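Q: What follows is a single structure, and I will ask about it in a moment.
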Amino acid sequence: NTSEEAYSYNSYGQLRKSESYDSKHNKVEHIFYYAADEPYDYPAQEGWLDECVQTTINVNGAPQLNSRNYYTVDNGQVVKQWVYKEFRGGSSFADQEMQAWGPNKTLRQFKVKGIVKSLVWNDNNNQVIAEVTNAQKDDVAFTSFEIGAHGGFTYDANGIVNAQAITGKYSYDLSSSSTGVNKTGLAAWQVYIVSYRSRSSVPITVSGTQGSVVKGNTVNGWTYFEHKVTGVNAIAIYGSAVIDELRLYPLNSDMESYCVDPSYGLLASTDAG
């Protein structure tokens, strides 16, 4: 058990230091520094002065961890760029790199311990709907056809149906769509996986498909299909089937997707496959 002993605050009313004793009676200090403490030359933004820029943890006065954030300006937004850490007084190293940001300070791509990860957001940029490991942000897309969650794909509303879905409330009837489902901005040299669940027992058409389409298991009438796609800068998806859980990501990447309802939040999550 631990018992909190003391708190101290800076002149802005922000927590500067907390002191407690752990179960072995070691004194543990947490020390915090904020943007308000330092003369950063960044545009004034709501909440910026409350940003904690550095955290230090000492045990019995000896340094255990020092974590320091570094910032940049991206499209007028003050955003985190690097997180550097030191353990037990050792050398400082880059633990995280935030590589790309979107509107409303939505992180789109970052690197942790040398591994690049990308996030797919809903249309309002307030919910992450997919996280992809080992992939650049422009090489990924996901939709479960929920309202306001195109996830990098474009499609017309005519195909959206709410009579059946493997996750969430909605799926997509390609036979009712005038445009199909499309994704642009791809790299022709890259090999992609396009996967989906279908109410049909045969695959739909995905431009750029190479080789045989993989047919997987069937769950509650929804069959899994996987296409390997390359040599194209854009893909078009069309046919006559009802589909759901549509994914695009590079070969050798892993995607975890989230079905999010604007009113109720997370409805389901699905890992690769």
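Order determines the names: the first chain of the structure tokens is A, the second B, and so forth; residues in each chain are numbered 1 upward, and ligands are numbered 1 upward as they are shown.
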Assign secondary structure with DSSP using the backbone only, and return the residues of region 143-257 of chain A in helix (DSSP H, G or I) as a list in words.
A: Ala157, Asn158, Gly159, Leu174, Ser175 and Ser176 of chain A
Q: Selection from above, N, CA, C and O atoms, as an mmCIF file, in the first residue's frame, can you write it?
A:
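For reference, out38.cif as written:
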```cif
data_model
loop_
_atom_site.group_PDB
_atom_site.id
_atom_site.type_symbol
_atom_site.label_atom_id
_atom_site.label_comp_id
_atom_site.auth_asym_id
_atom_site.auth_seq_id
_atom_site.Cartn_x
_atom_site.Cartn_y
_atom_site.Cartn_z
ATOM 1 N N ALA A 157 -24.167 7.408 -50.626
ATOM 2 C CA ALA A 157 -25.044 6.950 -49.555
ATOM 3 C C ALA A 157 -26.100 5.965 -50.028
ATOM 4 O O ALA A 157 -26.753 5.317 -49.189
ATOM 5 N N ASN A 158 -26.273 5.826 -51.343
ATOM 6 C CA ASN A 158 -27.337 4.954 -51.855
ATOM 7 C C ASN A 158 -27.176 3.501 -51.424
ATOM 8 O O ASN A 158 -28.160 2.768 -51.296
ATOM 9 N N GLY A 159 -25.923 3.096 -51.218
ATOM 10 C CA GLY A 159 -25.690 1.691 -50.911
ATOM 11 C C GLY A 159 -25.806 1.328 -49.438
ATOM 12 O O GLY A 159 -25.787 0.141 -49.090
ATOM 13 N N LEU A 174 -23.566 -3.043 -52.684
ATOM 14 C CA LEU A 174 -22.886 -2.529 -53.870
ATOM 15 C C LEU A 174 -23.820 -2.427 -55.071
ATOM 16 O O LEU A 174 -23.639 -1.559 -55.938
ATOM 17 N N SER A 175 -24.834 -3.279 -55.135
ATOM 18 C CA SER A 175 -25.743 -3.255 -56.285
ATOM 19 C C SER A 175 -26.623 -2.002 -56.276
ATOM 20 O O SER A 175 -27.171 -1.616 -57.318
ATOM 21 N N SER A 176 -26.761 -1.334 -55.125
ATOM 22 C CA SER A 176 -27.565 -0.112 -55.038
ATOM 23 C C SER A 176 -26.718 1.146 -55.168
ATOM 24 O O SER A 176 -27.257 2.262 -55.176
#
```
Q: Would you pick out the contacts of Tyr33 (chain A) at 6 Å or less, using only C-alpha atoms, so that residues sharing its chain but fewer than 3 positions from it are not included, and give the list as a ChimeraX atom specification?
A: /A:52-54
Q: Could you give me, as a list of chain:residue names, the residues within 9 Å of Val83 (chain A), counting only C-alpha atoms and dropping anything in the same chain fewer than 5 positions from it?
A: A:Ser67, A:Arg68, A:Asn69, A:Tyr70, A:Phe93, A:Ala94, A:Asp95, A:Gln96, A:Glu97, A:Met98
Q: Extract, using only C-alpha atoms, all DNA, RNA and protein residues at most 9 Å from His150 (chain A), discarding same-chain residues fewer than 4 positions from it, and format them as a list of chain:residue names.
A: A:Trp121, A:Asn122, A:Asp123, A:Ala141, A:Phe142, A:Thr143, A:Ser144, A:Phe145, A:Glu146, A:Thr154, A:Tyr155
Q: Given the choices A:Glu245, A:Gly211, A:Val78, A:Ile115, which gets closest to Tyr170 (chain A) if the distance is worked out from only C-alpha atoms?
A: A:Glu245
Q: A:Val191, A:Leu15, A:Ala35, A:Ala62: which is nearest Lys80 (chain A), counting only C-alpha atoms?
A: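 Of all the options, A:Ala35 lies closest to Lys80 (chain A).
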Q: Could you pull the residues within 12 Å of region 16-21 of chain A, counting only C-alpha atoms, minus those fewer than 6 positions along the same chain, as a PyMOL selection string?
A: chain A and resi 1-10+27-34+36-37+50+52-61
Q: Which residues, written as a list in words, have at least one atom at most 10 Å from Phe110 (chain A), with only C-alpha atoms counted and residues fewer than 5 positions away on the same chain left out?
A: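 So, after excluding close chain neighbours, the residues are Gln81, Trp82, Gln96, Glu97, Met98, Gln99, Ala100, Trp101, Ile115, Val116, Lys117, Ser118, Leu119, Thr133, Ala135, Gln136 and Lys137 of chain A.
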Q: Keeping N, CA and C atoms for every residue in the selection just given, could you write it to a file as a PDB file, in the first residue's frame?
A:
```pdb
ATOM      1  N   GLN A  81       5.773  16.489 -30.966  1.00  0.00           N
ATOM      2  CA  GLN A  81       6.576  15.884 -32.027  1.00  0.00           C
ATOM      3  C   GLN A  81       7.456  14.744 -31.534  1.00  0.00           C
ATOM      4  N   TRP A  82       8.050  14.911 -30.369  1.00  0.00           N
ATOM      5  CA  TRP A  82       8.950  13.893 -29.823  1.00  0.00           C
ATOM      6  C   TRP A  82       8.663  13.693 -28.339  1.00  0.00           C
ATOM      7  N   GLN A  96       9.275   8.141 -28.570  1.00  0.00           N
ATOM      8  CA  GLN A  96       8.155   8.248 -29.499  1.00  0.00           C
ATOM      9  C   GLN A  96       8.380   9.425 -30.436  1.00  0.00           C
ATOM     10  N   GLU A  97       7.955   9.241 -31.680  1.00  0.00           N
ATOM     11  CA  GLU A  97       7.958  10.323 -32.657  1.00  0.00           C
ATOM     12  C   GLU A  97       6.567  10.430 -33.269  1.00  0.00           C
ATOM     13  N   MET A  98       5.938  11.591 -33.106  1.00  0.00           N
ATOM     14  CA  MET A  98       4.645  11.839 -33.726  1.00  0.00           C
ATOM     15  C   MET A  98       4.893  12.402 -35.121  1.00  0.00           C
ATOM     16  N   GLN A  99       4.548  11.637 -36.153  1.00  0.00           N
ATOM     17  CA  GLN A  99       4.988  11.961 -37.511  1.00  0.00           C
ATOM     18  C   GLN A  99       3.965  12.699 -38.353  1.00  0.00           C
ATOM     19  N   ALA A 100       2.701  12.609 -38.033  1.00  0.00           N
ATOM     20  CA  ALA A 100       1.687  13.298 -38.836  1.00  0.00           C
ATOM     21  C   ALA A 100       0.450  13.559 -37.986  1.00  0.00           C
ATOM     22  N   TRP A 101      -0.101  14.770 -38.169  1.00  0.00           N
ATOM     23  CA  TRP A 101      -1.299  15.178 -37.443  1.00  0.00           C
ATOM     24  C   TRP A 101      -2.370  15.605 -38.427  1.00  0.00           C
ATOM     25  N   ILE A 115       8.745   1.232 -34.518  1.00  0.00           N
ATOM     26  CA  ILE A 115       7.617   0.674 -35.272  1.00  0.00           C
ATOM     27  C   ILE A 115       6.639   1.796 -35.605  1.00  0.00           C
ATOM     28  N   VAL A 116       6.322   1.924 -36.906  1.00  0.00           N
ATOM     29  CA  VAL A 116       5.392   2.955 -37.358  1.00  0.00           C
ATOM     30  C   VAL A 116       3.958   2.452 -37.195  1.00  0.00           C
ATOM     31  N   LYS A 117       3.101   3.312 -36.646  1.00  0.00           N
ATOM     32  CA  LYS A 117       1.686   2.995 -36.505  1.00  0.00           C
ATOM     33  C   LYS A 117       0.862   4.140 -37.072  1.00  0.00           C
ATOM     34  N   SER A 118      -0.293   3.801 -37.648  1.00  0.00           N
ATOM     35  CA  SER A 118      -1.191   4.799 -38.202  1.00  0.00           C
ATOM     36  C   SER A 118      -2.582   4.648 -37.605  1.00  0.00           C
ATOM     37  N   LEU A 119      -3.271   5.772 -37.485  1.00  0.00           N
ATOM     38  CA  LEU A 119      -4.623   5.794 -36.949  1.00  0.00           C
ATOM     39  C   LEU A 119      -5.588   6.296 -38.010  1.00  0.00           C
ATOM     40  N   THR A 133      -0.523  -1.288 -37.466  1.00  0.00           N
ATOM     41  CA  THR A 133       0.886  -1.411 -37.127  1.00  0.00           C
ATOM     42  C   THR A 133       1.696  -1.698 -38.376  1.00  0.00           C
ATOM     43  N   ALA A 135       2.566   0.544 -40.910  1.00  0.00           N
ATOM     44  CA  ALA A 135       1.938   1.116 -42.102  1.00  0.00           C
ATOM     45  C   ALA A 135       1.945   2.628 -42.044  1.00  0.00           C
ATOM     46  N   GLN A 136       2.112   3.254 -43.209  1.00  0.00           N
ATOM     47  CA  GLN A 136       2.002   4.698 -43.339  1.00  0.00           C
ATOM     48  C   GLN A 136       0.529   5.088 -43.427  1.00  0.00           C
ATOM     49  N   LYS A 137       0.230   6.312 -43.008  1.00  0.00           N
ATOM     50  CA  LYS A 137      -1.162   6.758 -42.921  1.00  0.00           C
ATOM     51  C   LYS A 137      -1.877   6.778 -44.268  1.00  0.00           C
TER      52      LYS A 137
END
```
Q: Looking at only C-alpha atoms, which of A:Asn220, A:Ser257, A:Arg197, A:Thr179 is the one that sits closest to Ala236 (chain A)?
A: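 For Ala236 (chain A), the nearest of the given residues is A:Thr179.
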Q: Would you compute the distance between CA of Pro203 (chain A) and CA of Val128 (chain A)? Give it in Å to one decimal.
A: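 If I compute the distance from CA of Pro203 (chain A) to CA of Val128 (chain A), I get 28.2 Å.
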Q: Taking the DSSP secondary structure from the backbone, can you list the residues of region 46-136 of chain A that are strand (DSSP E), as a PyMOL selection string?
A: chain A and resi 52-59+62-74+77-87+93-102+106-112+115-121+128-133
